[in-house]
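What's in query34.cif: mmCIF, C-alpha atoms
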data_entry
#
loop_
_atom_site.label_atom_id
_atom_site.label_comp_id
_atom_site.auth_asym_id
_atom_site.auth_seq_id
_atom_site.Cartn_x
_atom_site.Cartn_y
_atom_site.Cartn_z
CA MET Q 221 106.07 80.41 120.85
CA ASN Q 222 109.58 79.00 121.14
CA SER Q 223 111.35 79.64 124.41
CA PRO Q 224 114.28 82.10 124.17
CA VAL Q 225 117.69 80.47 123.98
CA VAL Q 226 120.06 80.86 126.91
CA HIS Q 227 123.67 80.98 125.71
CA HIS Q 228 126.46 79.70 127.97
CA LEU Q 229 129.45 81.99 127.56
CA ALA Q 230 131.99 80.65 130.05
CA THR Q 231 132.39 78.02 132.76
CA THR Q 232 134.77 78.32 135.72
CA THR Q 233 135.63 75.93 138.54
CA ILE Q 234 135.62 77.71 141.89
CA LYS Q 235 137.57 76.14 144.73
CA ALA Q 236 137.64 77.13 148.38
CA ARG Q 237 140.38 79.70 148.96
CA HIS Q 238 142.05 77.36 151.39
CA ILE Q 239 141.32 74.02 153.00
CA SER Q 240 142.84 73.05 156.33
CA GLU Q 241 143.93 69.56 157.32
CA GLU Q 242 140.87 69.44 159.56
CA THR Q 243 138.49 70.09 156.71
CA HIS Q 244 140.31 68.10 154.01
CA GLN Q 245 138.72 64.84 154.99
CA ARG Q 246 135.57 62.80 154.46
CA CYS Q 247 132.21 64.02 155.70
CA GLU Q 248 130.01 61.16 156.84
CA LEU Q 249 126.34 61.17 155.89
CA ALA Q 250 123.39 60.66 158.23
CA PRO Q 251 120.30 58.65 157.22
CA TRP Q 252 118.43 61.86 156.27
CA ASP Q 253 121.22 62.64 153.79
CA VAL Q 254 121.52 59.19 152.23
CA ALA Q 255 117.75 59.01 151.70
CA MET Q 256 118.08 61.91 149.23
CA LEU Q 257 120.39 60.12 146.77
CA SER Q 258 117.72 59.58 144.09
CA ALA Q 259 116.05 63.01 144.35
CA HIS Q 260 117.01 66.04 142.26
CA TYR Q 261 119.26 68.92 143.29
CA ILE Q 262 117.65 71.87 145.08
CA GLN Q 263 117.21 74.64 142.47
CA LYS Q 264 116.36 78.17 143.58
CA GLY Q 265 117.36 81.52 142.10
CA PHE Q 266 116.78 85.26 142.09
CA VAL Q 267 115.91 87.97 139.59
CA PHE Q 268 117.72 91.27 140.12
CA HIS Q 269 117.71 94.67 138.43
CA ARG Q 270 120.82 95.25 136.36
CA PRO Q 271 123.61 96.41 138.69
CA PRO Q 272 124.50 100.12 138.56
CA SER Q 273 126.56 101.24 135.57
CA SER Q 274 129.43 101.92 137.97
CA GLN Q 275 129.69 98.14 138.40
CA SER Q 276 130.58 96.35 135.18
CA GLN Q 277 129.34 92.81 134.58
CA GLU Q 278 132.95 91.67 134.68
CA LYS Q 279 133.48 93.21 138.11
CA ILE Q 280 130.18 91.79 139.36
CA MET Q 281 131.14 88.28 138.29
CA ASP Q 282 134.63 88.65 139.74
CA ARG Q 283 133.05 89.66 143.04
CA LEU Q 284 130.70 86.67 142.95
CA LYS Q 285 133.53 84.25 142.16
CA ASP Q 286 135.82 85.69 144.84
CA SER Q 287 133.09 85.63 147.48
CA LEU Q 288 132.09 82.10 146.46
CA ALA Q 289 135.69 80.95 146.95
CA ALA Q 290 135.62 82.66 150.36
CA VAL Q 291 132.31 81.16 151.53
CA LEU Q 292 133.38 77.67 150.44
CA VAL Q 293 136.04 77.85 153.16
CA TYR Q 294 133.17 77.61 155.65
CA PHE Q 295 130.88 75.35 153.56
CA TYR Q 296 133.69 73.13 152.31
CA PRO Q 297 131.58 69.97 151.67
CA LEU Q 298 130.02 71.82 148.71
CA ALA Q 299 133.43 71.91 147.02
CA GLY Q 300 133.83 68.14 147.32
CA ARG Q 301 132.32 65.09 145.60
CA LEU Q 302 130.36 62.07 146.75
CA SER Q 303 132.24 58.81 147.13
CA THR Q 304 131.10 55.24 147.81
CA GLU Q 305 132.73 52.31 149.55
CA ARG Q 306 131.20 48.97 148.55
CA ASP Q 307 131.31 45.79 150.59
CA SER Q 308 131.23 42.78 148.29
CA HIS Q 309 130.62 40.40 151.20
CA THR Q 310 127.39 42.10 152.32
CA SER Q 311 126.44 43.64 148.94
CA SER Q 312 126.06 47.00 150.66
CA SER Q 313 127.26 50.56 150.01
CA HIS Q 314 128.50 53.35 152.28
CA VAL Q 315 128.25 56.83 150.75
CA PHE Q 316 130.12 59.86 152.08
CA ILE Q 317 131.39 63.28 150.92
CA ASP Q 318 135.04 63.41 149.95
CA CYS Q 319 135.98 66.97 150.91
CA ASN Q 320 138.67 67.14 148.25
CA ASN Q 321 138.07 70.71 147.09
CA ALA Q 322 137.39 69.57 143.53
CA GLY Q 323 135.37 72.76 143.29
CA ALA Q 324 131.96 74.23 142.54
CA GLU Q 325 130.85 75.27 139.06
CA PHE Q 326 130.22 78.88 138.00
CA ILE Q 327 128.61 79.52 134.61
CA HIS Q 328 128.23 82.86 132.84
CA ALA Q 329 125.25 82.93 130.47
CA ALA Q 330 123.06 85.42 128.59
CA VAL Q 331 119.55 85.57 127.11
CA ASP Q 332 117.66 88.26 125.20
CA ILE Q 333 114.68 88.78 127.55
CA THR Q 334 113.73 91.31 130.21
CA VAL Q 335 113.04 91.10 133.92
CA ALA Q 336 109.35 91.60 133.12
CA ASP Q 337 109.44 88.62 130.76
CA VAL Q 338 110.46 86.48 133.73
CA LEU Q 339 108.27 87.90 136.48
CA THR Q 340 105.01 89.11 134.93
CA PRO Q 341 103.55 86.13 132.98
CA VAL Q 342 100.71 84.31 134.76
CA ASP Q 343 102.62 81.03 134.54
CA VAL Q 344 106.33 80.72 135.26
CA PRO Q 345 107.83 80.83 131.73
CA PRO Q 346 109.68 77.71 130.54
CA VAL Q 347 112.89 79.69 129.95
CA VAL Q 348 113.38 79.91 133.72
CA LYS Q 349 114.39 76.24 133.74
CA SER Q 350 117.35 77.22 131.54
CA PHE Q 351 118.63 79.52 134.30
CA PHE Q 352 119.80 76.46 136.21
CA THR Q 353 122.28 73.68 135.48
CA LEU Q 354 122.20 69.99 136.43
CA SER Q 355 118.42 70.01 135.97
CA GLU Q 356 117.99 66.31 135.26
CA ALA Q 357 120.79 65.12 137.52
CA VAL Q 358 119.99 63.14 140.64
CA ASN Q 359 121.97 63.71 143.79
CA HIS Q 360 123.88 60.44 143.36
CA ASP Q 361 125.45 62.02 140.26
CA GLY Q 362 127.46 64.14 142.69
CA HIS Q 363 130.05 61.37 142.50
CA VAL Q 364 131.18 62.94 139.21
CA LEU Q 365 129.26 66.22 138.97
CA PRO Q 366 129.83 69.26 141.19
CA LEU Q 367 127.76 69.38 144.37
CA LEU Q 368 127.13 73.07 143.74
CA SER Q 369 126.57 74.78 140.39
CA VAL Q 370 125.81 78.49 139.99
CA GLN Q 371 124.61 80.16 136.81
CA PHE Q 372 124.81 83.95 136.37
CA THR Q 373 122.51 84.82 133.46
CA GLU Q 374 122.50 88.30 131.95
CA LEU Q 375 119.06 89.61 130.95
CA THR Q 376 118.64 92.73 128.83
CA ASP Q 377 117.80 94.83 131.92
CA GLY Q 378 118.74 92.59 134.82
CA VAL Q 379 120.38 89.36 135.94
CA PHE Q 380 119.27 85.98 137.21
CA LEU Q 381 121.39 84.09 139.73
CA GLY Q 382 120.43 80.42 139.79
CA CYS Q 383 121.84 77.89 142.25
CA SER Q 384 121.75 74.07 141.97
CA PHE Q 385 122.65 72.51 145.33
CA ASN Q 386 123.02 68.77 145.93
CA HIS Q 387 120.25 67.70 148.32
CA VAL Q 388 122.43 65.02 149.91
CA VAL Q 389 124.66 67.80 151.24
CA GLY Q 390 121.81 69.64 152.92
CA ASP Q 391 118.15 70.58 153.13
CA GLY Q 392 116.37 73.90 152.57
CA THR Q 393 117.64 75.35 155.85
CA SER Q 394 121.21 74.49 154.84
CA PHE Q 395 120.68 75.84 151.32
CA TRP Q 396 119.50 79.24 152.55
CA ARG Q 397 122.17 79.44 155.26
CA PHE Q 398 124.73 79.00 152.48
CA LEU Q 399 123.08 81.62 150.24
CA ASN Q 400 122.77 84.07 153.15
CA ALA Q 401 126.47 83.65 153.98
CA TRP Q 402 127.56 83.99 150.35
CA SER Q 403 125.59 87.20 149.84
CA GLU Q 404 126.93 88.54 153.15
CA ILE Q 405 130.51 88.07 151.97
CA SER Q 406 129.72 89.41 148.50
CA ARG Q 407 128.29 92.62 149.99
CA SER Q 408 131.58 93.08 151.81
CA GLN Q 409 133.43 93.13 148.47
CA GLY Q 410 134.44 89.48 148.63
CA GLY Q 411 136.63 89.72 151.72
CA ILE Q 412 136.84 86.56 153.84
CA GLY Q 413 136.02 88.22 157.18
CA HIS Q 414 133.53 86.47 159.44
CA ILE Q 415 130.03 85.34 158.57
CA SER Q 416 127.13 85.80 160.96
CA HIS Q 417 126.18 82.13 161.11
CA PRO Q 418 129.08 79.71 160.55
CA PRO Q 419 127.77 76.26 159.65
CA VAL Q 420 127.96 73.28 161.98
CA ILE Q 421 129.35 70.63 159.61
CA GLN Q 422 129.50 67.64 161.99
CA ARG Q 423 126.61 65.28 161.15
CA CYS Q 424 124.08 64.19 163.78
CA PHE Q 425 123.36 60.45 163.93
CA LEU Q 426 120.99 60.47 166.96
CA ASP Q 427 122.85 57.71 168.81
CA VAL Q 428 122.94 55.50 165.71
CA ASP Q 429 126.32 53.97 164.91
CA LYS Q 430 127.35 55.78 161.73
CA SER Q 431 128.87 52.55 160.43
CA LEU Q 432 125.29 51.24 160.18
CA VAL Q 433 124.29 53.98 157.72
CA ARG Q 434 124.60 51.70 154.72
CA LEU Q 435 122.40 50.94 151.75
CA PRO Q 436 121.68 47.23 151.11
CA PHE Q 437 122.71 47.56 147.47
CA SER Q 438 125.99 47.19 145.63
CA ASN Q 439 124.85 48.68 142.32
CA PRO Q 440 123.33 52.21 142.05
CA ASP Q 441 120.88 50.93 139.43
CA GLU Q 442 119.16 49.07 142.27
CA PHE Q 443 118.11 52.27 144.05
CA ILE Q 444 118.48 55.21 141.64
CA GLU Q 445 115.45 56.35 139.63
CA ARG Q 446 115.67 58.75 136.68
CA TYR Q 447 112.44 60.66 137.16
CA GLU Q 448 111.13 62.91 134.36
CA THR Q 449 108.86 65.78 135.31
CA PRO Q 450 105.47 65.45 133.56
CA PRO Q 451 103.94 68.38 131.62
CA LEU Q 452 102.76 70.83 134.27
CA ARG Q 453 101.68 74.41 134.65
CA GLU Q 454 103.60 76.30 137.31
CA ARG Q 455 102.12 79.44 138.80
CA ILE Q 456 102.98 81.70 141.73
CA PHE Q 457 100.01 82.63 143.93
CA HIS Q 458 100.47 85.51 146.37
CA PHE Q 459 98.75 85.62 149.75
CA ALA Q 460 98.83 88.98 151.53
CA PRO Q 461 99.07 89.15 155.35
CA LYS Q 462 95.41 90.20 155.68
CA ALA Q 463 94.15 87.22 153.66
CA ILE Q 464 96.28 84.79 155.68
CA ALA Q 465 95.07 86.32 158.94
CA GLN Q 466 91.50 85.82 157.80
CA LEU Q 467 92.15 82.16 156.98
CA LYS Q 468 93.76 81.64 160.39
CA SER Q 469 90.88 83.34 162.20
CA LYS Q 470 88.31 81.33 160.25
CA ALA Q 471 90.04 78.00 160.94
CA ASN Q 472 90.44 78.67 164.65
CA ASN Q 473 86.88 79.95 165.06
CA GLU Q 474 85.47 76.89 163.32
CA CYS Q 475 87.44 74.61 165.69
CA LYS Q 476 86.94 76.78 168.76
CA THR Q 477 90.69 76.91 169.39
CA ASP Q 478 93.60 79.32 169.04
CA LYS Q 479 96.28 76.71 168.25
CA ILE Q 480 96.12 76.61 164.46
CA SER Q 481 98.93 78.63 162.91
CA SER Q 482 98.71 80.92 159.90
CA PHE Q 483 100.68 78.48 157.76
CA GLN Q 484 98.59 75.48 158.82
CA ALA Q 485 95.42 77.37 157.88
CA LEU Q 486 96.90 78.37 154.52
CA CYS Q 487 98.05 74.81 153.76
CA ALA Q 488 94.62 73.43 154.66
CA HIS Q 489 93.00 75.98 152.34
CA VAL Q 490 95.31 75.00 149.48
CA TRP Q 491 94.87 71.26 150.12
CA ARG Q 492 91.08 71.49 150.01
CA SER Q 493 91.15 73.75 146.94
CA ILE Q 494 93.50 71.52 144.91
CA ILE Q 495 91.54 68.37 145.77
CA ARG Q 496 88.29 70.14 144.81
CA ALA Q 497 89.88 71.12 141.48
CA ARG Q 498 90.90 67.54 140.74
CA CYS Q 499 87.34 66.14 141.06
CA PHE Q 500 88.34 62.84 142.69
CA PRO Q 501 85.72 60.32 143.90
CA VAL Q 502 84.53 60.94 147.46
CA ASP Q 503 85.94 57.62 148.71
CA GLN Q 504 89.45 58.35 147.38
CA LYS Q 505 92.10 58.77 150.08
CA THR Q 506 94.06 62.01 149.89
CA SER Q 507 96.99 63.35 151.90
CA CYS Q 508 98.63 66.66 152.61
CA ARG Q 509 102.34 66.27 153.26
CA LEU Q 510 104.30 69.06 154.91
CA ALA Q 511 108.09 69.09 154.88
CA ILE Q 512 108.95 69.65 158.52
CA GLU Q 513 112.24 70.79 160.01
CA ASN Q 514 113.56 68.70 162.93
CA ARG Q 515 116.39 70.80 164.37
CA SER Q 516 114.26 72.49 167.03
CA ARG Q 517 112.14 69.39 167.70
CA LEU Q 518 115.02 67.29 168.96
CA GLN Q 519 115.89 67.23 172.66
CA PRO Q 520 118.37 68.71 173.06
CA PRO Q 521 117.76 70.76 169.89
CA LEU Q 522 120.29 70.90 167.11
CA SER Q 523 121.87 74.22 166.23
CA PRO Q 524 119.87 76.16 163.62
CA ASP Q 525 123.20 76.31 161.76
CA TYR Q 526 123.44 72.51 161.50
CA PHE Q 527 124.57 71.92 157.91
CA GLY Q 528 122.97 68.79 156.49
CA ASN Q 529 119.52 67.31 156.09
CA CYS Q 530 117.27 67.29 159.13
CA ILE Q 531 113.74 67.00 157.73
CA ASN Q 532 110.78 64.65 157.56
CA ALA Q 533 107.34 64.90 156.01
CA ILE Q 534 104.29 64.84 158.26
CA ILE Q 535 101.26 63.34 156.55
CA ALA Q 536 97.62 64.21 157.19
CA THR Q 537 95.21 61.83 155.47
CA ALA Q 538 91.47 61.89 154.86
CA SER Q 539 88.94 60.74 152.31
CA VAL Q 540 88.04 63.28 149.67
CA GLY Q 541 84.46 63.20 150.95
CA ASP Q 542 85.48 64.01 154.52
CA LEU Q 543 87.96 66.69 153.46
CA LEU Q 544 85.46 68.58 151.30
CA SER Q 545 82.31 68.05 153.39
CA HIS Q 546 83.96 69.48 156.50
CA ASP Q 547 85.05 73.11 156.87
CA LEU Q 548 88.50 74.69 156.67
CA GLY Q 549 89.01 74.37 160.41
CA TRP Q 550 88.57 70.59 160.30
CA ALA Q 551 91.38 70.20 157.75
CA ALA Q 552 93.60 72.75 159.50
CA LEU Q 553 93.17 71.01 162.86
CA LEU Q 554 94.09 67.69 161.24
CA LEU Q 555 97.35 69.27 160.01
CA HIS Q 556 97.96 70.91 163.39
CA LYS Q 557 97.60 67.63 165.29
CA ASN Q 558 100.10 65.91 163.01
CA VAL Q 559 102.60 68.77 163.36
CA ALA Q 560 102.19 68.89 167.16
CA ALA Q 561 102.73 65.13 167.43
CA HIS Q 562 106.05 65.30 165.56
CA ASN Q 563 108.34 65.39 168.60
CA ASP Q 564 111.78 64.15 169.63
CA GLY Q 565 110.58 60.57 170.08
CA VAL Q 566 108.97 60.45 166.64
CA VAL Q 567 112.06 61.90 164.95
CA ARG Q 568 114.40 59.44 166.65
CA GLY Q 569 112.02 56.63 165.81
CA THR Q 570 112.17 57.44 162.08
CA ILE Q 571 115.97 57.24 162.15
CA LYS Q 572 115.92 53.85 163.90
CA GLU Q 573 113.34 52.58 161.38
CA TRP Q 574 115.55 53.75 158.50
CA VAL Q 575 118.58 51.92 159.87
CA MET Q 576 116.50 48.74 160.14
CA ALA Q 577 115.23 49.12 156.55
CA PRO Q 578 117.38 51.64 154.59
CA MET Q 579 115.76 53.31 151.60
CA VAL Q 580 116.03 56.31 149.29
CA TYR Q 581 113.17 58.58 148.24
CA HIS Q 582 111.84 58.27 144.70
CA LEU Q 583 110.03 61.23 143.18
CA SER Q 584 107.60 58.86 141.49
CA GLY Q 585 106.42 57.89 144.97
CA PHE Q 586 104.36 61.06 145.37
CA ASP Q 587 100.85 60.09 144.30
CA ARG Q 588 98.58 62.39 142.33
CA TYR Q 589 95.92 62.23 145.03
CA SER Q 590 98.10 64.16 147.45
CA VAL Q 591 99.56 67.62 147.94
CA MET Q 592 103.19 68.07 149.01
CA VAL Q 593 104.19 71.40 150.56
CA GLY Q 594 107.93 72.05 150.61
CA SER Q 595 110.31 74.92 151.34
CA SER Q 596 109.23 77.49 153.96
CA PRO Q 597 108.21 81.16 154.21
CA ARG Q 598 110.42 81.31 157.30
CA PHE Q 599 113.59 81.10 155.21
CA ASP Q 600 115.33 84.46 154.87
CA MET Q 601 115.30 84.68 151.08
CA TYR Q 602 115.01 88.37 150.26
CA CYS Q 603 117.94 89.40 152.46
CA ASN Q 604 120.25 88.08 149.74
CA ASP Q 605 121.71 91.35 148.47
CA PHE Q 606 125.00 90.48 146.78
CA GLY Q 607 126.04 94.11 146.55
CA TRP Q 608 123.64 95.53 143.97
CA GLY Q 609 120.26 95.50 145.71
CA LYS Q 610 117.43 93.33 146.98
CA PRO Q 611 116.10 90.54 144.73
CA LEU Q 612 112.97 91.34 142.72
CA GLY Q 613 111.64 87.80 142.72
CA LEU Q 614 112.38 84.18 143.44
CA ARG Q 615 111.94 81.30 141.01
CA SER Q 616 112.82 77.59 140.97
CA GLY Q 617 114.06 75.27 138.23
CA TYR Q 618 113.08 71.95 136.69
CA ALA Q 619 114.01 69.82 139.68
CA ASN Q 620 111.67 68.04 142.09
CA LYS Q 621 108.43 68.98 140.33
CA PHE Q 622 105.36 66.74 140.17
CA ASP Q 623 101.57 66.96 140.15
CA GLY Q 624 100.57 68.52 143.47
CA LYS Q 625 103.95 69.98 144.44
CA VAL Q 626 103.62 73.27 146.32
CA SER Q 627 106.67 75.35 147.30
CA SER Q 628 106.24 78.09 149.90
CA TYR Q 629 108.25 81.30 149.94
CA PRO Q 630 108.02 84.57 151.87
CA GLY Q 631 106.38 87.38 149.94
CA ARG Q 632 108.77 90.08 148.79
CA GLU Q 633 107.05 92.79 150.86
CA GLY Q 634 107.43 90.75 154.07
CA GLY Q 635 104.98 91.25 156.90
CA GLY Q 636 103.94 87.61 156.93
CA SER Q 637 102.97 87.47 153.25
CA VAL Q 638 103.49 84.17 151.45
CA ASP Q 639 104.03 83.16 147.82
CA LEU Q 640 103.07 79.62 146.83
CA GLU Q 641 104.45 78.03 143.68
CA ILE Q 642 101.87 75.41 142.66
CA CYS Q 643 102.50 72.71 140.03
CA LEU Q 644 99.45 71.07 138.42
CA PRO Q 645 98.38 69.65 135.06
CA THR Q 646 96.62 72.18 132.81
CA GLU Q 647 93.08 70.97 133.51
CA SER Q 648 93.54 70.98 137.29
CA MET Q 649 95.23 74.40 137.28
CA SER Q 650 92.40 75.89 135.21
CA ALA Q 651 89.87 74.49 137.67
CA LEU Q 652 91.85 75.95 140.60
CA GLU Q 653 91.92 79.36 138.92
CA SER Q 654 88.13 79.18 138.49
CA ASP Q 655 87.56 78.31 142.16
CA GLY Q 656 86.12 81.44 143.75
CA ASP Q 657 86.78 80.32 147.32
CA PHE Q 658 90.47 79.76 146.53
CA MET Q 659 91.00 82.88 144.45
CA ASP Q 660 89.24 85.15 146.98
CA ALA Q 661 92.28 84.69 149.22
CA VAL Q 662 94.80 85.38 146.44
CA SER Q 663 96.22 88.89 145.99
CA PRO Q 664 98.09 90.45 143.07
CA LEU Q 665 101.74 89.40 143.02
CA VAL Q 666 103.99 92.08 144.50
CA LEU Q 667 106.96 92.82 142.19
#
What do you get writing this file as structure tokens?
Amino acid sequence: MNSPVVHHLATTTIKARHISEETHQRCELAPWDVAMLSAHYIQKGFVFHRPPSSQSQEKIMDRLKDSLAAVLVYFYPLAGRLSTERDSHTSSSHVFIDCNNAGAEFIHAAVDITVADVLTPVDVPPVVKSFFTLSEAVNHDGHVLPLLSVQFTELTDGVFLGCSFNHVVGDGTSFWRFLNAWSEISRSQGGIGHISHPPVIQRCFLDVDKSLVRLPFSNPDEFIERYETPPLRERIFHFAPKAIAQLKSKANNECKTDKISSFQALCAHVWRSIIRARCFPVDQKTSCRLAIENRSRLQPPLSPDYFGNCINAIIATASVGDLLSHDLGWAALLLHKNVAAHNDGVVRGTIKEWVMAPMVYHLSGFDRYSVMVGSSPRFDMYCNDFGWGKPLGLRSGYANKFDGKVSSYPGREGGGSVDLEICLPTESMSALESDGDFMDAVSPLVL
């Protein structure tokens, strides 16, 4: 069946309501930021019921545009563009954000499908990718493309609000801080007012001279990769609080400890299940990578409102034979030890290593023998009421998908529930769905 066609009706450039002399300047980038130049934009969005009849679509969009202009006063780098200074003598490049208020993009679109058409299919329907813009752009394209693009798509009985956010500007924590602030202003009818958590824009370089944050390339073609997502099935699996508690208890009991967290136990369960579904040889090395947030691990810690990238990936590695012959607790403890070891010294060491050998991440670098868990159920996603009610569901776009990518979200009902968006080839996904041990922990999706 052909995917429904999403029609773009209008495009508007939204600029910050005002920019001060202090903010109308360049924003330097830390190593964590520069390393994201070849990755895709962050793409996350919400499904909502249709706003009450007392609120016309025109008024809803006007409110969104006005509140976006207001929130960009605080998050002004998102209204700018990337810029590069090249040194012909050293054949190196220095990338920064020109906070020139060129503006974010706001698109009004429509499609003839229902909320149920988006949320109820077993697999995430392909049309969801059309709810986002800049899907095949890499972050480096932010030199000419907007660093933030929002698409408001009318459904027959609801709306979808999709956001594409340049990953050089910030990580998942920064993305959700921005969304939380935007929805907070929108609920207040678009007035500027004060937001609960103003961002800390100043970048942290961890004692590294920011002039050393340079790429040893003069031409973007030397470090930019145009990655195409392979054919994958994408499915949301819901884990209720009781099931997660059982996994945590099982993992800790098997290791005779109480240190393994709920999320570590869940990730170990998913890692073992996906590797079992793939049927790799027992001597094959496999890894579970967890995107880990560094703000609280630094000494002194960074503010939770630090606006930028501040993440690494911790990597637990084992042979397939060891991973599957041992119990859940063995894998969970392996993850726990790697998380616990990721301290201030390790974080600072990664920055120093980057400065000595600068690089950018390539999506093709994630091997098919591994599992990569991104996002976080700790992000406050379902608080994002823009003035017409709580979101019904969360979905992501085309960007940053590959075999073995797992994105973690809080369940809509809260209480410690977790939704995992898993991307696998058809054969591997079918095997995962037939795995009784995995599916015993999965609950019906709460809508």
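For the pair atom CA of Q:Leu381 and atom CA of Q:Glu356, the interatomic distance is 18.6 Å.
You will find atom CA of Q:Arg496 at 14.4 Å from atom CA of Q:Asp623.
Among the candidates Q:Ala460, Q:Ile642, Q:Val347, Q:Cys530, the one nearest to Q:Val662 when counting only C-alpha atoms is Q:Ala460.
Proximity ranking of Q:Glu573, Q:Glu445, Q:Glu278, Q:Asp332 relative to Q:Pro224 places Q:Asp332 first, based on all atoms listed in the file.
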Please evaluate the PyMOL selection byres ((chain Q and resi 548) around 7) against the structure above and give the resulting residues as a list in words. Ala471, Ala488, His489, His546, Asp547, Gly549, Trp550, Ala551 and Ala552 of chain Q
Can you turn the PyMOL selection byres ((chain Q and resi 371) around 9) into a concrete residue list for this file, as a count of residues only? 17
With the cut-off set at 9 Å and counting only C-alpha atoms, tabulate each residue of stretch 274-348 of chain Q with an atom at most that distance from an atom of stretch 596-614 of chain Q, showing the nearest atom pair and its distance in Å to one decimal, ordered by chain and increasing number, as JSON lines.
{"residue": "Q:Gln275", "atom": "CA", "partner": "Q:Trp608", "partner_atom": "CA", "distance": 8.6}
{"residue": "Q:Ile280", "atom": "CA", "partner": "Q:Gly607", "partner_atom": "CA", "distance": 8.6}
{"residue": "Q:Arg283", "atom": "CA", "partner": "Q:Phe606", "partner_atom": "CA", "distance": 8.9}
{"residue": "Q:Leu284", "atom": "CA", "partner": "Q:Phe606", "partner_atom": "CA", "distance": 7.9}
{"residue": "Q:Val335", "atom": "CA", "partner": "Q:Leu612", "partner_atom": "CA", "distance": 8.8}
{"residue": "Q:Leu339", "atom": "CA", "partner": "Q:Gly613", "partner_atom": "CA", "distance": 7.1}
Q:Arg509, Q:Ser545, Q:Ser584, Q:Pro450 ranked by distance to Q:Thr646, top pick (using only C-alpha atoms): Q:Pro450
